[in-house]
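Asker: Got a structure here, written out as structure tokens. Questions coming.
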There are 2 protein chains.
Amino acid sequence: MHVRVVLVRPRNPLNIGAAARAMANFGFSDLAVVEPYAPVWRETVSAVGAEKLVLAARAARTLEEAAGDCQLIVGATAVRNRRLERPVIRLPDFPEFLKKKKPARLALVFGPEKTGLSNKHLERCHAYLTVPTSAGTPSMNLSHSVAVCCYELARRDRSLGAAAQEAPLAEAGETEQLVRHVLEAFQTAGYLDFLPKSKRAEKIRRTLLQWSLHKTDIRLLHGILRFAIQKMKA
Amino acid sequence: MHVRVVLVRPRNPLNIGAAARAMANFGFSDLAVVEPYAPVWRETVSAVGAEKLVLAARAARTLEEAAGDCQLIVGATAVRNRRLERPVIRLPDFPEFLKKKKPARLALVFGPEKTGLSNKHLERCHAYLTVPTSAGTPSMNLSHSVAVCCYELARRDRSLGAAAQEAPLAEAGETEQLVRHVLEAFQTAGYLDFLPKSKRAEKIRRTLLQWSLHKTDIRLLHGILRFAIQKMKA
């Protein structure tokens, strides 16, 4: 699915740049601007890493011109108790909605900063998209709306970003060797001597297992134990 | 789980305001700022609807002071092929990670705009959080990072925002009435007369069913058909 972001009458050119950068962050590059207020909008300075995207953005006089070739036009809007004549999709449910609709080209339309999309433009949309926000502060910054929408659309795209890194966990056998080493240290120190050896081992094992130790932790702890045991025997 | 956002050495006071607004949008209110560059950061103007949040934000000299009471400190960072000595969690996997860790208080730490978190601060974190971004434009605007992280944390919170609105779908009986009405119109017009009546009904039914008509569509179409049939009979 190809995604086009359409900004209708954005007032502040900085917002166009910030929106373009957010798009680029999530791998989207098709931007259209309908009736920009400022004729100099292409000179926006905040499009770090997204200059090419802004330069390639198409200027359009109408929403039809900007999105006429799209199978699905979705308008971002704060619902605010209005009864809307189209389905309103909450952003977290949007991927599911798109899976059903399967558009080849999607236009995601954002209105002007202060007013949002006007009825004229809302009427051209197949559906509305709303970012669930807090009742006390429902109104989002324009480029933030673009950012979270792009994030949601790219959320399951495993090709973006680096892979998650997890330090390798210790294997059970490694933890068990550590249990024996701690036991040796306790014995050398005479610590918990009143307990039978098997009870001591149980106590140590329970503690070490709930720490979910990594391989590096195991090496570190063996080092400390070796040192401590030597010291105590000296 | 209580969430605190910690901004370390933010350079641009506008970013503090924009981050505060994004936090407020998603229902978070606890902001701490470590070593802000600009002494006037509280006068930030872009905190639409989040002025109270900025005024209540705590200023701290160190990360320890800002997050010492948190059970889990997570640093937002672009991974960029660095090998990090902590688990790195991709933002979409963060809710799952938190479900395992169950901190009562979480500190989400963001570094300065240009450089990100320094090693000094990275070392204080239990884990790192990375927003999966495109290799071509990996670096995000600071307040956009805060916005998408807050969005992800609030993503499953059904108390935020308005409920999804779906126009009520037509019931099967209503669609069947419409089939009969269309059939009547076809008959009046002599359209598809060469087909037996049952074949015509099948054709109409198949088409209408795949349109997933809403109740309002049904009313509209009945009106049009009534009008057309009258015209044809006149």
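Numbering starts fresh at 1 for the residues of each chain in the structure tokens, the chains themselves are lettered A, B, ... in the order given, and ligands are numbered from 1 as they appear.
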Residues within 12 Å of A:Thr62, please, as an MDAnalysis selection string. Count only C-alpha atoms; anything in the same chain fewer than 5 positions from it doesn't count.
Answerer: chainID A and resid 6:9 32:36 67:68 109 120:121 124
Asker: Could you write out the selected residues, including C-alpha atoms, as an mmCIF file, in the first residue's frame?
Answerer:
data_model
loop_
_atom_site.group_PDB
_atom_site.id
_atom_site.type_symbol
_atom_site.label_atom_id
_atom_site.label_comp_id
_atom_site.auth_asym_id
_atom_site.auth_seq_id
_atom_site.Cartn_x
_atom_site.Cartn_y
_atom_site.Cartn_z
ATOM 1 C CA VAL A 6 -1.983 15.506 2.292
ATOM 2 C CA LEU A 7 -1.753 18.734 4.312
ATOM 3 C CA VAL A 8 -4.683 21.066 3.644
ATOM 4 C CA ARG A 9 -4.014 24.797 4.090
ATOM 5 C CA ALA A 32 0.984 16.868 -1.142
ATOM 6 C CA VAL A 33 0.089 20.324 0.120
ATOM 7 C CA VAL A 34 -3.305 21.845 -0.719
ATOM 8 C CA GLU A 35 -3.526 25.663 -0.812
ATOM 9 C CA PRO A 36 -0.568 26.430 1.439
ATOM 10 C CA ALA A 67 -5.820 12.687 -3.852
ATOM 11 C CA GLY A 68 -7.938 11.927 -6.919
ATOM 12 C CA VAL A 109 -5.506 14.125 4.996
ATOM 13 C CA LYS A 120 -15.978 20.794 2.348
ATOM 14 C CA HIS A 121 -12.951 18.552 2.778
ATOM 15 C CA ARG A 124 -14.488 14.061 0.260
#
Asker: Using only C-alpha atoms, which protein or nucleic acid residues come within 10 Å of stretch 15-18 of chain B? Drop anything in the same chain fewer than 2 positions from it, and give the result as a PDB file with all heavy atoms, in the first residue's frame.
Answerer:
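File written: result_35.pdb
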ATOM      1  N   MET A 140      -3.965  18.162  19.159  1.00  0.00           N
ATOM      2  CA  MET A 140      -2.556  17.838  18.934  1.00  0.00           C
ATOM      3  C   MET A 140      -1.902  18.829  17.983  1.00  0.00           C
ATOM      4  O   MET A 140      -2.534  19.366  17.083  1.00  0.00           O
ATOM      5  CB  MET A 140      -2.424  16.439  18.325  1.00  0.00           C
ATOM      6  CG  MET A 140      -2.740  15.313  19.273  1.00  0.00           C
ATOM      7  SD  MET A 140      -2.371  13.711  18.478  1.00  0.00           S
ATOM      8  CE  MET A 140      -0.554  13.720  18.551  1.00  0.00           C
ATOM      9  N   ASN A 141      -0.620  18.996  18.167  1.00  0.00           N
ATOM     10  CA  ASN A 141       0.227  19.693  17.209  1.00  0.00           C
ATOM     11  C   ASN A 141       0.124  18.952  15.858  1.00  0.00           C
ATOM     12  O   ASN A 141       0.087  17.729  15.818  1.00  0.00           O
ATOM     13  CB  ASN A 141       1.659  19.626  17.770  1.00  0.00           C
ATOM     14  CG  ASN A 141       2.693  20.188  16.846  1.00  0.00           C
ATOM     15  OD1 ASN A 141       2.884  19.664  15.754  1.00  0.00           O
ATOM     16  ND2 ASN A 141       3.366  21.224  17.267  1.00  0.00           N
ATOM     17  N   HIS A 144       2.834  16.466  15.137  1.00  0.00           N
ATOM     18  CA  HIS A 144       2.726  15.319  16.046  1.00  0.00           C
ATOM     19  C   HIS A 144       1.671  14.334  15.539  1.00  0.00           C
ATOM     20  O   HIS A 144       1.851  13.125  15.624  1.00  0.00           O
ATOM     21  CB  HIS A 144       2.349  15.781  17.456  1.00  0.00           C
ATOM     22  CG  HIS A 144       3.469  16.455  18.197  1.00  0.00           C
ATOM     23  ND1 HIS A 144       3.331  16.926  19.470  1.00  0.00           N
ATOM     24  CD2 HIS A 144       4.743  16.744  17.841  1.00  0.00           C
ATOM     25  CE1 HIS A 144       4.470  17.471  19.874  1.00  0.00           C
ATOM     26  NE2 HIS A 144       5.345  17.374  18.896  1.00  0.00           N
TER      27      HIS A 144
ATOM     28  N   LEU B   7      13.513  15.032  30.370  1.00  0.00           N
ATOM     29  CA  LEU B   7      14.280  15.592  29.256  1.00  0.00           C
ATOM     30  C   LEU B   7      15.636  16.026  29.794  1.00  0.00           C
ATOM     31  O   LEU B   7      15.709  16.851  30.707  1.00  0.00           O
ATOM     32  CB  LEU B   7      13.554  16.799  28.655  1.00  0.00           C
ATOM     33  CG  LEU B   7      12.122  16.580  28.159  1.00  0.00           C
ATOM     34  CD1 LEU B   7      11.551  17.886  27.592  1.00  0.00           C
ATOM     35  CD2 LEU B   7      12.074  15.476  27.105  1.00  0.00           C
ATOM     36  N   PRO B  10      17.721  19.638  27.289  1.00  0.00           N
ATOM     37  CA  PRO B  10      17.110  20.074  26.024  1.00  0.00           C
ATOM     38  C   PRO B  10      17.604  21.472  25.685  1.00  0.00           C
ATOM     39  O   PRO B  10      17.701  22.324  26.561  1.00  0.00           O
ATOM     40  CB  PRO B  10      15.608  20.078  26.342  1.00  0.00           C
ATOM     41  CG  PRO B  10      15.533  20.275  27.822  1.00  0.00           C
ATOM     42  CD  PRO B  10      16.742  19.588  28.395  1.00  0.00           C
ATOM     43  N   ARG B  11      17.951  21.676  24.401  1.00  0.00           N
ATOM     44  CA  ARG B  11      18.527  22.943  24.013  1.00  0.00           C
ATOM     45  C   ARG B  11      17.451  23.989  23.740  1.00  0.00           C
ATOM     46  O   ARG B  11      17.567  25.138  24.117  1.00  0.00           O
ATOM     47  CB  ARG B  11      19.373  22.747  22.742  1.00  0.00           C
ATOM     48  CG  ARG B  11      20.789  23.200  22.958  1.00  0.00           C
ATOM     49  CD  ARG B  11      21.676  23.126  21.766  1.00  0.00           C
ATOM     50  NE  ARG B  11      23.054  23.062  22.221  1.00  0.00           N
ATOM     51  CZ  ARG B  11      23.705  24.074  22.784  1.00  0.00           C
ATOM     52  NH1 ARG B  11      23.128  25.243  22.956  1.00  0.00           N
ATOM     53  NH2 ARG B  11      24.951  23.933  23.178  1.00  0.00           N
ATOM     54  N   ASN B  12      16.401  23.543  23.031  1.00  0.00           N
ATOM     55  CA  ASN B  12      15.390  24.473  22.543  1.00  0.00           C
ATOM     56  C   ASN B  12      14.150  24.443  23.441  1.00  0.00           C
ATOM     57  O   ASN B  12      13.477  23.429  23.520  1.00  0.00           O
ATOM     58  CB  ASN B  12      15.031  24.067  21.113  1.00  0.00           C
ATOM     59  CG  ASN B  12      14.058  25.016  20.471  1.00  0.00           C
ATOM     60  OD1 ASN B  12      13.448  25.856  21.132  1.00  0.00           O
ATOM     61  ND2 ASN B  12      13.907  24.873  19.172  1.00  0.00           N
ATOM     62  N   PRO B  13      13.883  25.572  24.118  1.00  0.00           N
ATOM     63  CA  PRO B  13      12.720  25.597  25.021  1.00  0.00           C
ATOM     64  C   PRO B  13      11.417  25.254  24.300  1.00  0.00           C
ATOM     65  O   PRO B  13      10.497  24.707  24.899  1.00  0.00           O
ATOM     66  CB  PRO B  13      12.683  27.047  25.520  1.00  0.00           C
ATOM     67  CG  PRO B  13      14.011  27.623  25.223  1.00  0.00           C
ATOM     68  CD  PRO B  13      14.576  26.873  24.070  1.00  0.00           C
ATOM     69  N   ALA B  20       5.729  18.706  26.227  1.00  0.00           N
ATOM     70  CA  ALA B  20       4.718  18.785  27.286  1.00  0.00           C
ATOM     71  C   ALA B  20       3.315  18.649  26.694  1.00  0.00           C
ATOM     72  O   ALA B  20       2.457  17.952  27.239  1.00  0.00           O
ATOM     73  CB  ALA B  20       4.845  20.113  28.040  1.00  0.00           C
ATOM     74  N   ARG B  21       3.104  19.293  25.554  1.00  0.00           N
ATOM     75  CA  ARG B  21       1.784  19.210  24.922  1.00  0.00           C
ATOM     76  C   ARG B  21       1.470  17.769  24.501  1.00  0.00           C
ATOM     77  O   ARG B  21       0.369  17.269  24.707  1.00  0.00           O
ATOM     78  CB  ARG B  21       1.739  20.137  23.709  1.00  0.00           C
ATOM     79  CG  ARG B  21       0.401  20.098  22.985  1.00  0.00           C
ATOM     80  CD  ARG B  21       0.347  21.138  21.904  1.00  0.00           C
ATOM     81  NE  ARG B  21      -0.859  21.030  21.102  1.00  0.00           N
ATOM     82  CZ  ARG B  21      -1.069  21.738  20.001  1.00  0.00           C
ATOM     83  NH1 ARG B  21      -0.169  22.623  19.590  1.00  0.00           N
ATOM     84  NH2 ARG B  21      -2.181  21.595  19.318  1.00  0.00           N
ATOM     85  N   ALA B  22       2.479  17.102  23.904  1.00  0.00           N
ATOM     86  CA  ALA B  22       2.277  15.706  23.485  1.00  0.00           C
ATOM     87  C   ALA B  22       1.961  14.825  24.698  1.00  0.00           C
ATOM     88  O   ALA B  22       1.085  13.960  24.643  1.00  0.00           O
ATOM     89  CB  ALA B  22       3.521  15.192  22.767  1.00  0.00           C
ATOM     90  N   MET B  23       2.686  15.062  25.813  1.00  0.00           N
ATOM     91  CA  MET B  23       2.403  14.297  27.043  1.00  0.00           C
ATOM     92  C   MET B  23       0.956  14.497  27.469  1.00  0.00           C
ATOM     93  O   MET B  23       0.232  13.539  27.754  1.00  0.00           O
ATOM     94  CB  MET B  23       3.316  14.765  28.173  1.00  0.00           C
ATOM     95  CG  MET B  23       4.764  14.357  28.043  1.00  0.00           C
ATOM     96  SD  MET B  23       5.751  15.163  29.355  1.00  0.00           S
ATOM     97  CE  MET B  23       4.982  14.474  30.834  1.00  0.00           C
ATOM     98  N   ALA B  24       0.536  15.769  27.490  1.00  0.00           N
ATOM     99  CA  ALA B  24      -0.832  16.095  27.928  1.00  0.00           C
ATOM    100  C   ALA B  24      -1.856  15.452  26.994  1.00  0.00           C
ATOM    101  O   ALA B  24      -2.886  14.953  27.447  1.00  0.00           O
ATOM    102  CB  ALA B  24      -1.023  17.604  27.988  1.00  0.00           C
ATOM    103  N   LEU B  31       6.573  15.781  34.300  1.00  0.00           N
ATOM    104  CA  LEU B  31       7.728  16.135  33.467  1.00  0.00           C
ATOM    105  C   LEU B  31       8.870  16.607  34.361  1.00  0.00           C
ATOM    106  O   LEU B  31       8.660  17.390  35.281  1.00  0.00           O
ATOM    107  CB  LEU B  31       7.338  17.255  32.495  1.00  0.00           C
ATOM    108  CG  LEU B  31       8.455  17.890  31.654  1.00  0.00           C
ATOM    109  CD1 LEU B  31       9.058  16.876  30.680  1.00  0.00           C
ATOM    110  CD2 LEU B  31       7.915  19.097  30.881  1.00  0.00           C
ATOM    111  N   VAL B  33      12.982  18.110  33.987  1.00  0.00           N
ATOM    112  CA  VAL B  33      13.980  18.601  33.044  1.00  0.00           C
ATOM    113  C   VAL B  33      15.323  18.658  33.753  1.00  0.00           C
ATOM    114  O   VAL B  33      15.448  19.279  34.803  1.00  0.00           O
ATOM    115  CB  VAL B  33      13.593  19.993  32.501  1.00  0.00           C
ATOM    116  CG1 VAL B  33      14.615  20.478  31.491  1.00  0.00           C
ATOM    117  CG2 VAL B  33      12.201  19.956  31.871  1.00  0.00           C
ATOM    118  N   PRO B  36      18.463  22.140  32.026  1.00  0.00           N
ATOM    119  CA  PRO B  36      18.047  22.829  30.798  1.00  0.00           C
ATOM    120  C   PRO B  36      19.071  23.902  30.422  1.00  0.00           C
ATOM    121  O   PRO B  36      19.606  24.569  31.295  1.00  0.00           O
ATOM    122  CB  PRO B  36      16.702  23.451  31.175  1.00  0.00           C
ATOM    123  CG  PRO B  36      16.710  23.528  32.670  1.00  0.00           C
ATOM    124  CD  PRO B  36      17.555  22.394  33.154  1.00  0.00           C
ATOM    125  N   TRP B  41      13.291  28.333  30.332  1.00  0.00           N
ATOM    126  CA  TRP B  41      12.541  27.270  29.657  1.00  0.00           C
ATOM    127  C   TRP B  41      11.079  27.185  30.070  1.00  0.00           C
ATOM    128  O   TRP B  41      10.257  26.717  29.307  1.00  0.00           O
ATOM    129  CB  TRP B  41      13.220  25.918  29.862  1.00  0.00           C
ATOM    130  CG  TRP B  41      13.296  25.456  31.277  1.00  0.00           C
ATOM    131  CD1 TRP B  41      14.247  25.771  32.192  1.00  0.00           C
ATOM    132  CD2 TRP B  41      12.380  24.593  31.947  1.00  0.00           C
ATOM    133  NE1 TRP B  41      13.996  25.164  33.377  1.00  0.00           N
ATOM    134  CE2 TRP B  41      12.858  24.430  33.263  1.00  0.00           C
ATOM    135  CE3 TRP B  41      11.206  23.936  31.582  1.00  0.00           C
ATOM    136  CZ2 TRP B  41      12.206  23.650  34.217  1.00  0.00           C
ATOM    137  CZ3 TRP B  41      10.559  23.151  32.531  1.00  0.00           C
ATOM    138  CH2 TRP B  41      11.054  23.018  33.830  1.00  0.00           C
ATOM    139  N   ARG B  42      10.743  27.669  31.258  1.00  0.00           N
ATOM    140  CA  ARG B  42       9.344  27.579  31.676  1.00  0.00           C
ATOM    141  C   ARG B  42       8.436  28.524  30.901  1.00  0.00           C
ATOM    142  O   ARG B  42       7.225  28.408  30.930  1.00  0.00           O
ATOM    143  CB  ARG B  42       9.209  27.874  33.162  1.00  0.00           C
ATOM    144  CG  ARG B  42       9.445  26.655  34.012  1.00  0.00           C
ATOM    145  CD  ARG B  42       9.042  26.925  35.450  1.00  0.00           C
ATOM    146  NE  ARG B  42       9.946  26.227  36.351  1.00  0.00           N
ATOM    147  CZ  ARG B  42       9.773  24.955  36.722  1.00  0.00           C
ATOM    148  NH1 ARG B  42       8.756  24.286  36.268  1.00  0.00           N
ATOM    149  NH2 ARG B  42      10.630  24.368  37.526  1.00  0.00           N
ATOM    150  N   GLU B  43       9.066  29.506  30.211  1.00  0.00           N
ATOM    151  CA  GLU B  43       8.254  30.471  29.479  1.00  0.00           C
ATOM    152  C   GLU B  43       7.948  29.991  28.060  1.00  0.00           C
ATOM    153  O   GLU B  43       7.490  30.750  27.233  1.00  0.00           O
ATOM    154  CB  GLU B  43       8.972  31.826  29.434  1.00  0.00           C
ATOM    155  CG  GLU B  43       9.022  32.472  30.808  1.00  0.00           C
ATOM    156  CD  GLU B  43      10.141  33.480  30.940  1.00  0.00           C
ATOM    157  OE1 GLU B  43      10.461  34.142  29.933  1.00  0.00           O
ATOM    158  OE2 GLU B  43      10.710  33.584  32.041  1.00  0.00           O
ATOM    159  N   THR B  44       8.215  28.750  27.816  1.00  0.00           N
ATOM    160  CA  THR B  44       7.980  28.190  26.496  1.00  0.00           C
ATOM    161  C   THR B  44       6.547  28.458  26.032  1.00  0.00           C
ATOM    162  O   THR B  44       5.598  28.331  26.800  1.00  0.00           O
ATOM    163  CB  THR B  44       8.258  26.672  26.504  1.00  0.00           C
ATOM    164  OG1 THR B  44       7.834  26.148  25.272  1.00  0.00           O
ATOM    165  CG2 THR B  44       7.528  25.971  27.639  1.00  0.00           C
ATOM    166  N   VAL B  45       6.431  28.847  24.780  1.00  0.00           N
ATOM    167  CA  VAL B  45       5.121  29.303  24.302  1.00  0.00           C
ATOM    168  C   VAL B  45       4.290  28.236  23.599  1.00  0.00           C
ATOM    169  O   VAL B  45       3.105  28.408  23.401  1.00  0.00           O
ATOM    170  CB  VAL B  45       5.278  30.483  23.316  1.00  0.00           C
ATOM    171  CG1 VAL B  45       5.736  31.721  24.065  1.00  0.00           C
ATOM    172  CG2 VAL B  45       6.227  30.128  22.199  1.00  0.00           C
ATOM    173  N   SER B  46       4.918  27.119  23.224  1.00  0.00           N
ATOM    174  CA  SER B  46       4.180  26.191  22.363  1.00  0.00           C
ATOM    175  C   SER B  46       3.441  25.119  23.145  1.00  0.00           C
ATOM    176  O   SER B  46       2.994  24.131  22.602  1.00  0.00           O
ATOM    177  CB  SER B  46       5.128  25.534  21.367  1.00  0.00           C
ATOM    178  OG  SER B  46       6.021  24.704  22.057  1.00  0.00           O
ATOM    179  N   ALA B  47       3.303  25.330  24.457  1.00  0.00           N
ATOM    180  CA  ALA B  47       2.686  24.292  25.265  1.00  0.00           C
ATOM    181  C   ALA B  47       1.166  24.468  25.315  1.00  0.00           C
ATOM    182  O   ALA B  47       0.573  24.453  26.376  1.00  0.00           O
ATOM    183  CB  ALA B  47       3.278  24.305  26.663  1.00  0.00           C
ATOM    184  N   VAL B  48       0.547  24.638  24.143  1.00  0.00           N
ATOM    185  CA  VAL B  48      -0.912  24.807  24.082  1.00  0.00           C
ATOM    186  C   VAL B  48      -1.606  23.760  24.945  1.00  0.00           C
ATOM    187  O   VAL B  48      -1.447  22.570  24.739  1.00  0.00           O
ATOM    188  CB  VAL B  48      -1.419  24.651  22.629  1.00  0.00           C
ATOM    189  CG1 VAL B  48      -2.942  24.852  22.597  1.00  0.00           C
ATOM    190  CG2 VAL B  48      -0.733  25.639  21.721  1.00  0.00           C
ATOM    191  N   GLY B  49      -2.352  24.219  25.907  1.00  0.00           N
ATOM    192  CA  GLY B  49      -3.098  23.291  26.763  1.00  0.00           C
ATOM    193  C   GLY B  49      -2.230  22.532  27.738  1.00  0.00           C
ATOM    194  O   GLY B  49      -2.691  21.659  28.440  1.00  0.00           O
ATOM    195  N   ALA B  50      -0.927  22.841  27.758  1.00  0.00           N
ATOM    196  CA  ALA B  50      -0.034  22.095  28.644  1.00  0.00           C
ATOM    197  C   ALA B  50       0.767  23.052  29.522  1.00  0.00           C
ATOM    198  O   ALA B  50       1.796  22.700  30.062  1.00  0.00           O
ATOM    199  CB  ALA B  50       0.899  21.201  27.829  1.00  0.00           C
ATOM    200  N   GLU B  51       0.258  24.289  29.650  1.00  0.00           N
ATOM    201  CA  GLU B  51       0.974  25.292  30.446  1.00  0.00           C
ATOM    202  C   GLU B  51       1.154  24.803  31.884  1.00  0.00           C
ATOM    203  O   GLU B  51       2.238  24.922  32.455  1.00  0.00           O
ATOM    204  CB  GLU B  51       0.205  26.627  30.471  1.00  0.00           C
ATOM    205  CG  GLU B  51       0.034  27.303  29.122  1.00  0.00           C
ATOM    206  CD  GLU B  51      -1.175  26.781  28.348  1.00  0.00           C
ATOM    207  OE1 GLU B  51      -1.871  25.878  28.869  1.00  0.00           O
ATOM    208  OE2 GLU B  51      -1.418  27.252  27.228  1.00  0.00           O
ATOM    209  N   LEU B  53       1.310  21.857  33.020  1.00  0.00           N
ATOM    210  CA  LEU B  53       2.274  20.776  33.060  1.00  0.00           C
ATOM    211  C   LEU B  53       3.713  21.337  33.093  1.00  0.00           C
ATOM    212  O   LEU B  53       4.551  20.866  33.850  1.00  0.00           O
ATOM    213  CB  LEU B  53       2.049  19.921  31.812  1.00  0.00           C
ATOM    214  CG  LEU B  53       2.518  18.495  31.776  1.00  0.00           C
ATOM    215  CD1 LEU B  53       1.747  17.741  30.708  1.00  0.00           C
ATOM    216  CD2 LEU B  53       3.997  18.426  31.511  1.00  0.00           C
ATOM    217  N   VAL B  54       3.952  22.355  32.271  1.00  0.00           N
ATOM    218  CA  VAL B  54       5.296  22.957  32.240  1.00  0.00           C
ATOM    219  C   VAL B  54       5.577  23.680  33.550  1.00  0.00           C
ATOM    220  O   VAL B  54       6.685  23.594  34.093  1.00  0.00           O
ATOM    221  CB  VAL B  54       5.435  23.920  31.031  1.00  0.00           C
ATOM    222  CG1 VAL B  54       6.759  24.666  31.094  1.00  0.00           C
ATOM    223  CG2 VAL B  54       5.326  23.150  29.722  1.00  0.00           C
ATOM    224  N   GLU B 113      18.778  17.328  21.818  1.00  0.00           N
ATOM    225  CA  GLU B 113      18.350  17.213  20.430  1.00  0.00           C
ATOM    226  C   GLU B 113      19.442  16.670  19.505  1.00  0.00           C
ATOM    227  O   GLU B 113      19.202  15.766  18.711  1.00  0.00           O
ATOM    228  CB  GLU B 113      17.893  18.576  19.888  1.00  0.00           C
ATOM    229  CG  GLU B 113      16.592  19.094  20.484  1.00  0.00           C
ATOM    230  CD  GLU B 113      16.797  19.925  21.739  1.00  0.00           C
ATOM    231  OE1 GLU B 113      17.863  19.753  22.377  1.00  0.00           O
ATOM    232  OE2 GLU B 113      15.914  20.725  22.083  1.00  0.00           O
ATOM    233  N   ASN B 141      12.808  14.300  15.500  1.00  0.00           N
ATOM    234  CA  ASN B 141      12.594  15.504  16.289  1.00  0.00           C
ATOM    235  C   ASN B 141      12.309  15.080  17.740  1.00  0.00           C
ATOM    236  O   ASN B 141      11.598  14.100  17.970  1.00  0.00           O
ATOM    237  CB  ASN B 141      11.387  16.226  15.666  1.00  0.00           C
ATOM    238  CG  ASN B 141      10.924  17.418  16.452  1.00  0.00           C
ATOM    239  OD1 ASN B 141      10.511  17.290  17.603  1.00  0.00           O
ATOM    240  ND2 ASN B 141      10.985  18.578  15.842  1.00  0.00           N
ATOM    241  N   LEU B 142      12.869  15.804  18.714  1.00  0.00           N
ATOM    242  CA  LEU B 142      12.722  15.431  20.128  1.00  0.00           C
ATOM    243  C   LEU B 142      11.259  15.287  20.544  1.00  0.00           C
ATOM    244  O   LEU B 142      10.851  14.281  21.129  1.00  0.00           O
ATOM    245  CB  LEU B 142      13.433  16.464  21.017  1.00  0.00           C
ATOM    246  CG  LEU B 142      13.233  16.320  22.527  1.00  0.00           C
ATOM    247  CD1 LEU B 142      13.674  14.961  23.035  1.00  0.00           C
ATOM    248  CD2 LEU B 142      13.974  17.428  23.286  1.00  0.00           C
ATOM    249  N   SER B 143      10.450  16.287  20.221  1.00  0.00           N
ATOM    250  CA  SER B 143       9.058  16.220  20.695  1.00  0.00           C
ATOM    251  C   SER B 143       8.266  15.152  19.943  1.00  0.00           C
ATOM    252  O   SER B 143       7.297  14.601  20.460  1.00  0.00           O
ATOM    253  CB  SER B 143       8.372  17.587  20.602  1.00  0.00           C
ATOM    254  OG  SER B 143       8.054  17.910  19.268  1.00  0.00           O
ATOM    255  N   HIS B 144       8.690  14.831  18.700  1.00  0.00           N
ATOM    256  CA  HIS B 144       8.053  13.719  17.982  1.00  0.00           C
ATOM    257  C   HIS B 144       8.346  12.394  18.697  1.00  0.00           C
ATOM    258  O   HIS B 144       7.481  11.533  18.792  1.00  0.00           O
ATOM    259  CB  HIS B 144       8.557  13.630  16.544  1.00  0.00           C
ATOM    260  CG  HIS B 144       8.020  14.714  15.652  1.00  0.00           C
ATOM    261  ND1 HIS B 144       8.345  14.803  14.327  1.00  0.00           N
ATOM    262  CD2 HIS B 144       7.179  15.756  15.894  1.00  0.00           C
ATOM    263  CE1 HIS B 144       7.736  15.858  13.793  1.00  0.00           C
ATOM    264  NE2 HIS B 144       7.027  16.450  14.720  1.00  0.00           N
ATOM    265  N   VAL B 146       8.915  12.004  21.877  1.00  0.00           N
ATOM    266  CA  VAL B 146       8.073  11.985  23.073  1.00  0.00           C
ATOM    267  C   VAL B 146       6.637  11.646  22.682  1.00  0.00           C
ATOM    268  O   VAL B 146       5.974  10.830  23.324  1.00  0.00           O
ATOM    269  CB  VAL B 146       8.135  13.351  23.806  1.00  0.00           C
ATOM    270  CG1 VAL B 146       7.143  13.386  24.963  1.00  0.00           C
ATOM    271  CG2 VAL B 146       9.548  13.623  24.300  1.00  0.00           C
ATOM    272  N   ALA B 147       6.167  12.239  21.561  1.00  0.00           N
ATOM    273  CA  ALA B 147       4.776  12.018  21.133  1.00  0.00           C
ATOM    274  C   ALA B 147       4.522  10.544  20.807  1.00  0.00           C
ATOM    275  O   ALA B 147       3.546   9.957  21.286  1.00  0.00           O
ATOM    276  CB  ALA B 147       4.434  12.902  19.932  1.00  0.00           C
TER     277      ALA B 147
END
Asker: Could you please tell me, as an NGL selection string, which residues of chain B have an atom within 8 Å of chain A when using only C-alpha atoms?
Answerer: :B and (18 or 21-22 or 24-27 or 49-50 or 79-81 or 84-90 or 92 or 130-141 or 143-144 or 147-148 or 151 or 155-156 or 160-167)
Asker: Here is a test: counting only C-alpha atoms, which residue of B:Lys101, B:Ala60, B:Gly111, B:Thr175 is nearest to A:Ser212?
Answerer: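 Smallest distance to A:Ser212 is found for B:Lys101.
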Asker: Using DSSP assignments from the backbone, pull out every residue in stretch 62-136 of chain B that falls under helix (DSSP H, G or I) and give it to me as a list in words.
Answerer: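 Helix (DSSP H, G or I) assignments inside stretch 62-136 of chain B correspond to Leu63, Glu64, Glu65, Ala66, Ala67, Leu91, Pro92, Asp93, Phe94, Pro95, Glu96, Phe97, Leu98, Lys99, Lys100, Lys101, Asn119, Lys120, His121 and Leu122 of chain B.
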